[in-house]
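Q: Structure: work-v2.txt, compact mmCIF, C-alpha atoms.
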```
# COMPACT_ATOMS: atom_id res chain seq x y z
CA MET A 1 159.72 -236.13 203.35
CA SER A 2 161.60 -232.93 202.55
CA THR A 3 163.45 -231.04 205.28
CA LEU A 4 160.96 -228.14 205.21
CA LYS A 5 157.94 -230.45 205.36
CA ARG A 6 159.53 -232.28 208.31
CA ARG A 7 160.09 -229.00 210.15
CA LEU A 8 156.48 -227.94 209.58
CA LYS A 9 155.34 -231.33 210.84
CA GLN A 10 157.43 -230.86 214.00
CA LEU A 11 155.92 -227.41 214.54
CA ARG A 12 152.45 -228.90 214.27
CA GLU A 13 153.42 -231.46 216.89
CA ASP A 14 154.49 -228.62 219.18
CA MET A 15 151.24 -226.79 218.41
CA ALA A 16 149.23 -229.88 219.32
CA ALA A 17 151.10 -230.19 222.62
CA LEU A 18 150.24 -226.53 223.35
CA GLU A 19 146.64 -227.05 222.18
CA LEU A 20 146.97 -224.46 219.42
CA ASP A 21 144.86 -224.32 216.26
CA ALA A 22 147.34 -222.13 214.37
CA ALA A 23 150.66 -220.34 214.75
CA ILE A 24 151.90 -217.02 213.39
CA VAL A 25 155.65 -216.89 212.71
CA THR A 26 157.10 -213.42 212.08
CA ALA A 27 160.80 -213.73 213.06
CA LEU A 28 162.62 -213.96 209.72
CA PRO A 29 165.12 -216.66 210.80
CA ASN A 30 162.19 -218.86 211.84
CA VAL A 31 160.29 -218.04 208.64
CA ARG A 32 163.36 -219.18 206.70
CA TYR A 33 163.77 -222.30 208.83
CA LEU A 34 160.20 -223.41 208.12
CA SER A 35 159.65 -222.24 204.53
CA GLY A 36 163.03 -221.60 202.90
CA PHE A 37 162.12 -217.96 202.22
CA THR A 38 165.10 -215.60 202.59
CA GLY A 39 163.49 -212.23 201.88
CA SER A 40 163.42 -209.28 204.27
CA ASN A 41 159.63 -209.11 204.64
CA GLY A 42 157.57 -212.17 205.35
CA SER A 43 155.30 -213.88 207.87
CA LEU A 44 154.04 -217.43 208.03
CA LEU A 45 150.64 -218.74 209.11
CA VAL A 46 150.71 -222.43 210.03
CA THR A 47 147.54 -224.41 210.72
CA GLY A 48 146.86 -228.08 211.19
CA ARG A 49 146.21 -228.43 207.48
CA GLY A 50 148.56 -226.05 205.74
CA ALA A 51 151.07 -223.20 205.79
CA THR A 52 150.91 -219.85 204.01
CA LEU A 53 153.72 -217.37 203.48
CA PHE A 54 152.71 -213.71 203.24
CA THR A 55 155.13 -211.28 201.59
CA ASP A 56 155.11 -208.27 199.27
CA PRO A 57 155.36 -207.92 195.46
CA ARG A 58 159.15 -207.49 195.50
CA TYR A 59 159.45 -211.16 196.37
CA THR A 60 156.83 -212.71 194.07
CA LEU A 61 159.26 -214.87 192.08
CA GLN A 62 161.74 -215.40 194.92
CA ALA A 63 159.12 -216.58 197.38
CA ARG A 64 157.62 -219.10 194.97
CA THR A 65 161.07 -220.39 193.98
CA GLU A 66 162.42 -220.74 197.51
CA THR A 67 159.30 -222.42 198.93
CA ALA A 68 158.89 -224.86 196.04
CA GLY A 69 158.37 -228.41 197.30
CA SER A 70 157.70 -227.32 200.88
CA GLY A 71 153.92 -227.37 200.65
CA VAL A 72 153.86 -223.69 201.65
CA ARG A 73 151.37 -221.52 199.78
CA VAL A 74 152.51 -217.99 198.87
CA VAL A 75 150.25 -214.94 199.18
CA ILE A 76 151.51 -211.62 197.79
CA ALA A 77 150.03 -208.76 199.82
CA LYS A 78 149.37 -205.49 198.01
CA GLY A 79 149.83 -203.51 201.23
CA PRO A 80 151.17 -204.34 204.73
CA ILE A 81 151.31 -208.08 205.25
CA GLU A 82 149.81 -208.06 208.78
CA PRO A 83 146.27 -207.24 207.58
CA ALA A 84 146.58 -209.80 204.79
CA LEU A 85 147.54 -212.51 207.27
CA ALA A 86 144.98 -211.40 209.84
CA GLY A 87 142.28 -211.73 207.21
CA ARG A 88 143.12 -215.44 206.86
CA LEU A 89 142.81 -216.30 210.55
CA GLY A 90 139.18 -217.18 210.08
CA LYS A 91 137.66 -218.98 213.07
CA GLN A 92 140.93 -220.06 214.69
CA LYS A 93 140.41 -220.03 218.46
CA ARG A 94 143.91 -220.49 219.90
CA VAL A 95 146.65 -218.88 217.87
CA GLY A 96 150.29 -219.26 218.84
CA PHE A 97 152.76 -216.39 218.50
CA GLU A 98 156.48 -215.95 219.10
CA ASN A 99 156.27 -214.22 222.47
CA GLN A 100 160.07 -213.89 222.62
CA ARG A 101 160.18 -212.24 219.20
CA MET A 102 156.97 -210.46 218.24
CA SER A 103 156.56 -206.75 218.95
CA TYR A 104 153.60 -205.57 221.01
CA ARG A 105 152.28 -203.56 218.05
CA THR A 106 152.22 -206.66 215.83
CA TRP A 107 150.70 -208.81 218.58
CA GLU A 108 148.00 -206.21 219.17
CA HIS A 109 147.14 -206.12 215.47
CA PHE A 110 146.58 -209.90 215.31
CA GLU A 111 144.84 -210.07 218.68
CA LYS A 112 142.26 -207.53 217.55
CA ALA A 113 141.62 -209.52 214.37
CA LEU A 114 140.64 -212.71 216.21
CA PRO A 115 136.97 -213.66 216.55
CA ALA A 116 135.19 -213.29 219.89
CA GLY A 117 136.40 -215.86 222.41
CA ALA A 118 139.67 -216.52 220.58
CA ALA A 119 143.08 -215.75 222.07
CA MET A 120 146.76 -215.37 221.23
CA LYS A 121 148.86 -217.93 223.11
CA PRO A 122 152.67 -218.01 223.55
CA LEU A 123 154.71 -220.46 221.48
CA GLY A 124 157.57 -220.03 223.92
CA ALA A 125 160.89 -221.30 222.65
CA ALA A 126 159.42 -224.17 220.60
CA LEU A 127 161.10 -223.18 217.34
CA GLU A 128 164.38 -222.10 218.92
CA THR A 129 164.55 -225.43 220.77
CA ARG A 130 164.08 -227.34 217.51
CA ARG A 131 166.74 -225.22 215.83
CA MET A 132 169.39 -226.03 218.45
CA VAL A 133 170.10 -229.46 216.91
CA LYS A 134 171.44 -229.12 213.39
CA SER A 135 170.86 -231.51 210.50
CA GLU A 136 173.74 -232.85 208.41
CA GLU A 137 172.96 -230.21 205.77
CA GLU A 138 173.04 -227.43 208.35
CA THR A 139 176.29 -228.73 209.83
CA ALA A 140 177.86 -228.80 206.37
CA ALA A 141 176.85 -225.16 205.81
CA ILE A 142 178.30 -224.13 209.18
CA ARG A 143 181.52 -226.01 208.43
CA GLU A 144 181.84 -224.18 205.08
CA SER A 145 181.20 -220.85 206.80
CA VAL A 146 183.85 -221.65 209.43
CA ASN A 147 186.42 -222.53 206.78
CA ILE A 148 185.81 -219.32 204.82
CA ASN A 149 186.16 -217.35 208.05
CA SER A 150 189.51 -218.93 208.89
CA GLN A 151 190.80 -218.49 205.35
CA ALA A 152 189.81 -214.81 205.43
CA PHE A 153 191.74 -214.30 208.67
CA ALA A 154 194.85 -215.93 207.21
CA ALA A 155 194.58 -213.87 204.02
CA ALA A 156 194.09 -210.63 205.94
CA LEU A 157 197.18 -211.32 208.06
CA THR A 158 199.31 -211.49 204.90
CA ARG A 159 198.11 -207.96 204.04
CA PHE A 160 198.67 -206.52 207.51
CA ARG A 161 200.87 -203.45 207.55
CA ALA A 162 202.10 -201.62 210.63
CA GLY A 163 200.43 -198.22 210.90
CA MET A 164 197.09 -199.24 209.41
CA THR A 165 194.13 -198.47 211.67
CA GLU A 166 191.73 -200.87 213.40
CA ASN A 167 189.15 -199.81 210.81
CA ASP A 168 191.57 -200.55 207.97
CA PHE A 169 192.23 -204.08 209.21
CA ALA A 170 188.54 -204.78 209.86
CA ALA A 171 187.78 -203.68 206.29
CA GLU A 172 190.54 -205.93 204.96
CA ILE A 173 189.13 -208.90 206.87
CA GLU A 174 185.61 -208.32 205.55
CA TYR A 175 186.95 -207.82 202.01
CA GLN A 176 188.70 -211.18 202.20
CA MET A 177 185.48 -212.81 203.46
CA ARG A 178 183.64 -211.61 200.37
CA LEU A 179 186.42 -212.70 198.02
CA LEU A 180 186.24 -216.20 199.48
CA GLY A 181 182.47 -216.50 198.99
CA ALA A 182 180.91 -215.24 202.22
CA GLU A 183 177.47 -213.67 201.84
CA LYS A 184 178.24 -211.09 204.50
CA PRO A 185 179.91 -210.78 207.90
CA ALA A 186 177.95 -212.50 210.67
CA PHE A 187 178.38 -209.33 212.78
CA ASP A 188 180.49 -206.19 212.76
CA THR A 189 184.07 -207.41 212.85
CA ILE A 190 185.89 -206.54 216.06
CA VAL A 191 189.49 -205.35 215.77
CA ALA A 192 190.78 -203.97 219.08
CA PHE A 193 194.36 -202.93 219.82
CA LYS A 194 196.16 -202.37 223.13
CA LYS A 195 193.80 -200.88 225.75
CA ASN A 196 190.83 -201.36 223.39
CA SER A 197 191.28 -205.12 223.55
CA ALA A 198 190.16 -204.97 227.20
CA LEU A 199 186.69 -203.99 225.91
CA PRO A 200 184.92 -207.28 225.10
CA HIS A 201 182.78 -205.73 222.34
CA ALA A 202 185.06 -202.94 221.20
CA ARG A 203 184.33 -201.26 217.89
CA PRO A 204 187.21 -200.72 215.48
CA GLY A 205 188.24 -197.09 215.23
CA ASN A 206 191.14 -194.96 214.09
CA THR A 207 193.68 -196.36 216.56
CA ARG A 208 196.84 -197.14 214.59
CA LEU A 209 198.20 -200.66 214.76
CA ASP A 210 201.75 -199.72 215.55
CA GLY A 211 204.12 -200.29 218.44
CA ASN A 212 203.86 -203.08 220.98
CA GLY A 213 200.56 -204.55 222.17
CA LEU A 214 197.75 -207.09 221.99
CA LEU A 215 195.46 -207.09 218.96
CA LEU A 216 192.14 -208.95 219.38
CA VAL A 217 190.14 -209.98 216.30
CA ASP A 218 186.59 -211.38 216.59
CA MET A 219 185.05 -212.26 213.22
CA GLY A 220 182.37 -214.37 211.58
CA THR A 221 180.76 -214.98 208.21
CA PHE A 222 177.48 -216.14 206.74
CA ARG A 223 177.60 -218.81 204.06
CA GLY A 224 174.50 -220.63 202.83
CA GLY A 225 172.58 -218.68 205.46
CA TYR A 226 174.62 -220.14 208.35
CA ALA A 227 177.01 -218.34 210.67
CA SER A 228 180.52 -218.94 211.96
CA ASP A 229 182.37 -217.22 214.80
CA MET A 230 186.05 -217.09 215.77
CA THR A 231 188.28 -214.95 217.97
CA ARG A 232 192.06 -214.92 217.78
CA CYS A 233 194.74 -212.70 219.29
CA VAL A 234 197.81 -211.27 217.62
CA HIS A 235 200.66 -209.47 219.36
CA LEU A 236 202.63 -206.69 217.72
CA GLY A 237 206.19 -206.88 218.92
CA LYS A 238 207.51 -209.03 221.72
CA PRO A 239 204.86 -209.81 224.38
CA SER A 240 205.70 -209.22 228.03
CA ALA A 241 205.75 -212.04 230.57
CA LYS A 242 202.47 -210.69 232.00
CA THR A 243 200.80 -210.80 228.59
CA ARG A 244 202.03 -214.33 227.91
CA LYS A 245 200.72 -215.46 231.29
CA LEU A 246 197.33 -213.91 230.53
CA TYR A 247 197.19 -215.58 227.13
CA GLU A 248 198.20 -218.99 228.44
CA ALA A 249 195.57 -218.85 231.19
CA VAL A 250 192.78 -218.09 228.70
CA LEU A 251 194.06 -220.79 226.34
CA GLU A 252 194.02 -223.31 229.17
CA ALA A 253 190.44 -222.33 229.99
CA GLN A 254 189.37 -222.56 226.35
CA LEU A 255 190.90 -226.00 225.86
CA ALA A 256 189.25 -227.21 229.08
CA GLY A 257 185.90 -225.85 227.89
CA VAL A 258 186.19 -227.65 224.55
CA ASP A 259 187.14 -230.87 226.33
CA ALA A 260 184.07 -230.61 228.57
CA VAL A 261 181.63 -230.64 225.64
CA ARG A 262 179.76 -233.91 225.17
CA PRO A 263 176.13 -235.05 225.03
CA GLY A 264 174.32 -234.90 228.36
CA VAL A 265 176.43 -232.24 230.08
CA THR A 266 174.67 -228.95 230.67
CA ALA A 267 175.60 -225.68 229.00
CA GLY A 268 176.13 -224.22 232.48
CA SER A 269 178.58 -226.93 233.47
CA VAL A 270 180.83 -226.08 230.50
CA ASP A 271 180.81 -222.49 231.69
CA ASP A 272 181.75 -223.71 235.18
CA VAL A 273 184.81 -225.48 233.75
CA THR A 274 186.24 -222.45 231.95
CA ARG A 275 185.44 -220.18 234.88
CA GLY A 276 187.18 -222.56 237.27
CA VAL A 277 190.40 -222.50 235.25
CA LEU A 278 190.43 -218.70 235.19
CA ARG A 279 189.66 -218.62 238.92
CA LYS A 280 192.75 -220.74 239.52
CA HIS A 281 194.78 -218.05 237.75
CA GLY A 282 193.14 -215.24 239.69
CA LEU A 283 191.28 -214.06 236.59
CA ASP A 284 187.69 -215.05 237.39
CA LYS A 285 186.64 -211.42 237.91
CA ALA A 286 188.24 -210.52 234.58
CA PHE A 287 185.89 -212.96 232.79
CA VAL A 288 182.77 -210.87 232.27
CA HIS A 289 180.68 -212.81 229.76
CA SER A 290 179.43 -216.35 229.19
CA THR A 291 181.60 -219.14 227.79
CA GLY A 292 179.74 -219.34 224.49
CA HIS A 293 176.52 -219.64 222.55
CA GLY A 294 174.78 -221.64 219.87
CA LEU A 295 174.88 -220.46 216.28
CA GLY A 296 173.18 -221.29 213.01
CA LEU A 297 170.77 -219.12 211.03
CA GLU A 298 171.64 -216.44 213.60
CA ILE A 299 175.00 -215.64 215.13
CA HIS A 300 173.54 -215.99 218.63
CA GLU A 301 171.18 -218.90 219.20
CA ALA A 302 170.27 -221.17 222.08
CA PRO A 303 171.82 -222.58 224.14
CA ARG A 304 173.73 -219.92 226.03
CA LEU A 305 176.76 -221.41 227.76
CA GLY A 306 176.30 -219.39 230.92
CA LYS A 307 175.97 -220.05 234.63
CA ALA A 308 172.21 -220.46 234.71
CA ASP A 309 171.64 -222.49 231.52
CA ALA A 310 170.56 -226.03 232.37
CA THR A 311 170.17 -227.08 228.72
CA ALA A 312 171.65 -230.54 228.19
CA LEU A 313 173.95 -230.59 225.16
CA GLN A 314 172.92 -232.93 222.35
CA ALA A 315 174.72 -234.35 219.34
CA GLY A 316 174.26 -231.91 216.47
CA MET A 317 174.48 -228.72 218.51
CA ALA A 318 176.87 -226.17 217.02
CA ILE A 319 178.24 -223.88 219.74
CA THR A 320 181.13 -221.54 220.45
CA ILE A 321 183.67 -221.86 223.26
CA GLU A 322 185.09 -218.40 223.95
CA PRO A 323 186.35 -217.61 227.45
CA GLY A 324 188.19 -214.35 227.86
CA ALA A 325 189.98 -212.21 230.41
CA TYR A 326 190.14 -208.42 230.23
CA VAL A 327 192.68 -206.50 232.29
CA GLU A 328 192.79 -202.74 232.24
CA GLY A 329 196.27 -201.53 231.39
CA THR A 330 197.33 -204.87 229.93
CA GLY A 331 194.60 -205.65 227.41
CA GLY A 332 192.18 -208.45 226.76
CA VAL A 333 192.49 -211.99 225.50
CA ARG A 334 189.63 -214.06 224.08
CA ILE A 335 190.05 -217.34 222.21
CA GLU A 336 187.03 -218.71 220.38
CA ASP A 337 186.28 -221.78 218.29
CA THR A 338 183.08 -223.00 216.68
CA VAL A 339 182.60 -226.62 217.74
CA LEU A 340 180.07 -229.38 217.11
CA THR A 341 178.70 -231.69 219.78
CA THR A 342 179.02 -235.26 218.46
CA PRO A 343 177.53 -238.55 219.74
CA THR A 344 180.82 -239.29 221.51
CA GLY A 345 182.10 -235.83 222.43
CA VAL A 346 183.11 -232.82 220.41
CA SER A 347 184.53 -231.88 217.02
CA ILE A 348 186.42 -228.59 216.66
CA LEU A 349 185.30 -227.05 213.38
CA THR A 350 187.64 -224.03 213.48
CA PRO A 351 190.94 -224.99 211.77
CA THR A 352 192.94 -221.88 212.75
CA ALA A 353 195.77 -222.56 215.23
CA LYS A 354 195.42 -221.07 218.69
CA GLU A 355 199.02 -220.13 219.42
CA LEU A 356 199.57 -216.41 219.96
CA VAL A 357 200.51 -214.92 216.57
CA ILE A 358 203.41 -212.47 216.85
CA LEU A 359 203.89 -209.89 214.11
```
Represent the supplied structure as structure tokens.

A:
Amino acid sequence: MSTLKRRLKQLREDMAALELDAAIVTALPNVRYLSGFTGSNGSLLVTGRGATLFTDPRYTLQARTETAGSGVRVVIAKGPIEPALAGRLGKQKRVGFENQRMSYRTWEHFEKALPAGAAMKPLGAALETRRMVKSEEETAAIRESVNINSQAFAAALTRFRAGMTENDFAAEIEYQMRLLGAEKPAFDTIVAFKKNSALPHARPGNTRLDGNGLLLVDMGTFRGGYASDMTRCVHLGKPSAKTRKLYEAVLEAQLAGVDAVRPGVTAGSVDDVTRGVLRKHGLDKAFVHSTGHGLGLEIHEAPRLGKADATALQAGMAITIEPGAYVEGTGGVRIEDTVLTTPTGVSILTPTAKELVIL
């Protein structure tokens, strides 16, 4: 059985458990996961007997090529695809929808199209839960994405010049990604210097990379449709004792977080480990985000490695471990690897060294 047919079979099992006759999938990452279709406009109708992809004429050849062998039928809509799909609902009584993804407008359109007595029912996180555990093929794609990301960082460092701006260096990083075969950045590359590094999601600007200070780089690529994510810190000039202490505390927390990953432990317990290390160093209040997240077809997927996440880690889950500490006046440090949960523990996919780079 092909991968796509197996995924559709698993969705039908979830539908049966929820007592659904059909399911409408509109989130493009989930459409791709189930059908192989990578276009920007598509929805999938899955019933107990078949699956149909609805898209527009721009994707006639692409849709048929990408879904070949999946058992998915392709319908090319001449206008908006919602009415085309709604017209195929027929006498379905209980239709599942992605309640965590679908807009109210889209839901309302399908709900009105159902026959009397029928209803739209939430799918919940059925698809996202399935997607948490990666196949060997998915893991290989993530590993390739990770390697391109690390190579791009190394190449960009060789082209670093004092006086270039944050924007300049971010552009250089993304240029190197493309040269190495990335499809696109997984998100807007973060390059943050000095006081800007204390902003966890700073945007690169016109600040010149000159003088003495911390430089935080958070970057990721897509390759084969799968994401990677890495954060590293560079220091321009000689770091102060305070900066070194901050960096070493975050590194200790990150290494402890990686070491805590293994099947059966909860996502929240890994967060507890990294938070505990930073608490020991008096930096717990400077850690303002979760320890990490899953990744795959999207840069942020389940599970979330945060305080309240009781998801038990399983072999095959690709996640990030990225504790950080952000101190106004000093700067911020975040160290992030993409790792894979294995049957016996954890494999660090990111090959880039974690020592503080000094330029």

Q: Leaving out Arg131 of chain A and any residue of its chain fewer than 5 positions from it, which residues lie within 10 Å of it when counting all atoms listed in the file, given as a CSV table (one decimal) with C-alpha atoms, in the coordinates of the input?

A:
```csv
chain,number,residue,atom,x,y,z
A,7,ARG,CA,160.1,-229.0,210.2
A,30,ASN,CA,162.2,-218.9,211.8
A,33,TYR,CA,163.8,-222.3,208.8
A,125,ALA,CA,160.9,-221.3,222.6
A,126,ALA,CA,159.4,-224.2,220.6
A,294,GLY,CA,174.8,-221.6,219.9
A,295,LEU,CA,174.9,-220.5,216.3
A,296,GLY,CA,173.2,-221.3,213.0
A,297,LEU,CA,170.8,-219.1,211.0
A,301,GLU,CA,171.2,-218.9,219.2
A,302,ALA,CA,170.3,-221.2,222.1
A,317,MET,CA,174.5,-228.7,218.5
```

Q: If you count all atoms listed in the file, which residues fall within 8 Å of Asp210 of chain A, apart from same-chain ones fewer than 2 positions away, as a PyMOL selection string?

A: chain A and resi 162-164+208+212+236

Q: Identify which of the residues A:Val333, A:Leu157, A:Leu359, A:Ala63 lies closest to Gly237 of chain A, counting all atoms listed in the file when measuring atom-to-atom distances.

A: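 The shortest atom-to-atom distance to Gly237 of chain A comes from A:Leu359.
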
Q: Just the residues within 8 Å of Ala260 of chain A, please, counting only C-alpha atoms, with nothing from its chain fewer than 4 positions along; format it as a ChimeraX atom specification.

A: /A:256,265,270,273

Q: How many Å lie between atom CA of Leu34 of chain A and atom CA of Leu89 of chain A, rounded to one decimal?

A: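 One can read the atom CA of Leu34 of chain A to atom CA of Leu89 of chain A distance as 18.9 Å.
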
Q: Neighbours of Ile173 of chain A within 9 Å (all atoms listed in the file; same-chain residues fewer than 6 positions away dropped), as a list in words?

A: Ala152, Phe153, Ala155, Ala156, Leu157, Thr189 and Met219 of chain A

Q: Restricting the calculation to all atoms listed in the file: of A:Ala249, A:Ala267, A:Leu18, A:Val357, which residue gets closest to Ala312 of chain A?

A: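 The closest residue to Ala312 of chain A is A:Ala267.
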
Q: Could you jot down the atom CA of Leu214 of chain A to atom CA of Ser150 of chain A separation for me, Å, one decimal place?

A: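 Taking atom CA of Leu214 of chain A and atom CA of Ser150 of chain A, their separation equals 19.5 Å.
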
Q: Just the residues within 8 Å of Leu199 of chain A, please, counting all atoms listed in the file, with nothing from its chain fewer than 4 positions along; format it as an MDAnalysis selection string.

A: chainID A and resid 192 195 326 332

Q: What does the distance between atom CA of His300 of chain A and atom CA of Asp271 of chain A come to in Å, to one decimal place?

A: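 Distance between the two atoms: 16.3 Å.
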
Q: Determine, counting only C-alpha atoms, every residue of protein, DNA or RNA that lies within 12 Å of (145.5, -228.4, 222.9) in the file coordinates, then give the result as a list of chain:residue names.

A: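 Within 12 Å of (145.5, -228.4, 222.9), the protein and nucleic acid residues are A:Arg12, A:Glu13, A:Asp14, A:Met15, A:Ala16, A:Ala17, A:Leu18, A:Glu19, A:Leu20, A:Asp21, A:Ala22, A:Gly48, A:Lys93, A:Arg94, A:Val95, A:Gly96, A:Lys121.
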
Q: So which one's closest to Asn41 of chain A, A:Pro323, A:Gly257, A:Gly79, A:Gly331? Using only C-alpha atoms, please.

A: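 Result for the nearest residue to Asn41 of chain A: A:Gly79.
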
Q: At a cut-off of 8 Å around the point (153.2, -212.3, 217.0) (file coordinates), what residues fall inside when counting all atoms listed in the file? I'd like the answer as a ChimeraX atom specification.

A: /A:24-26,96-99,101-104,106-107,110

Q: Here is a test: counting all atoms listed in the file, which residue of A:Val146, A:Asn206, A:Lys354, A:Asn196 is nearest to Gly181 of chain A?

A: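 Ranking A:Val146, A:Asn206, A:Lys354, A:Asn196 by distance to Gly181 of chain A, first place goes to A:Val146.
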
Q: Looking at only C-alpha atoms, which of A:Val277, A:Leu356, A:Ile142, A:Leu127 is the one that sits closest to Gly316 of chain A?

A: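 Once distances to Gly316 of chain A are computed over only C-alpha atoms, the minimum belongs to A:Ile142.
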
Q: Taking only C-alpha atoms into account, name the residue in A:Leu255, A:Leu246, A:Glu298, A:Ile190 that is nearest to Glu166 of chain A.

A: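 Result for the nearest residue to Glu166 of chain A: A:Ile190.
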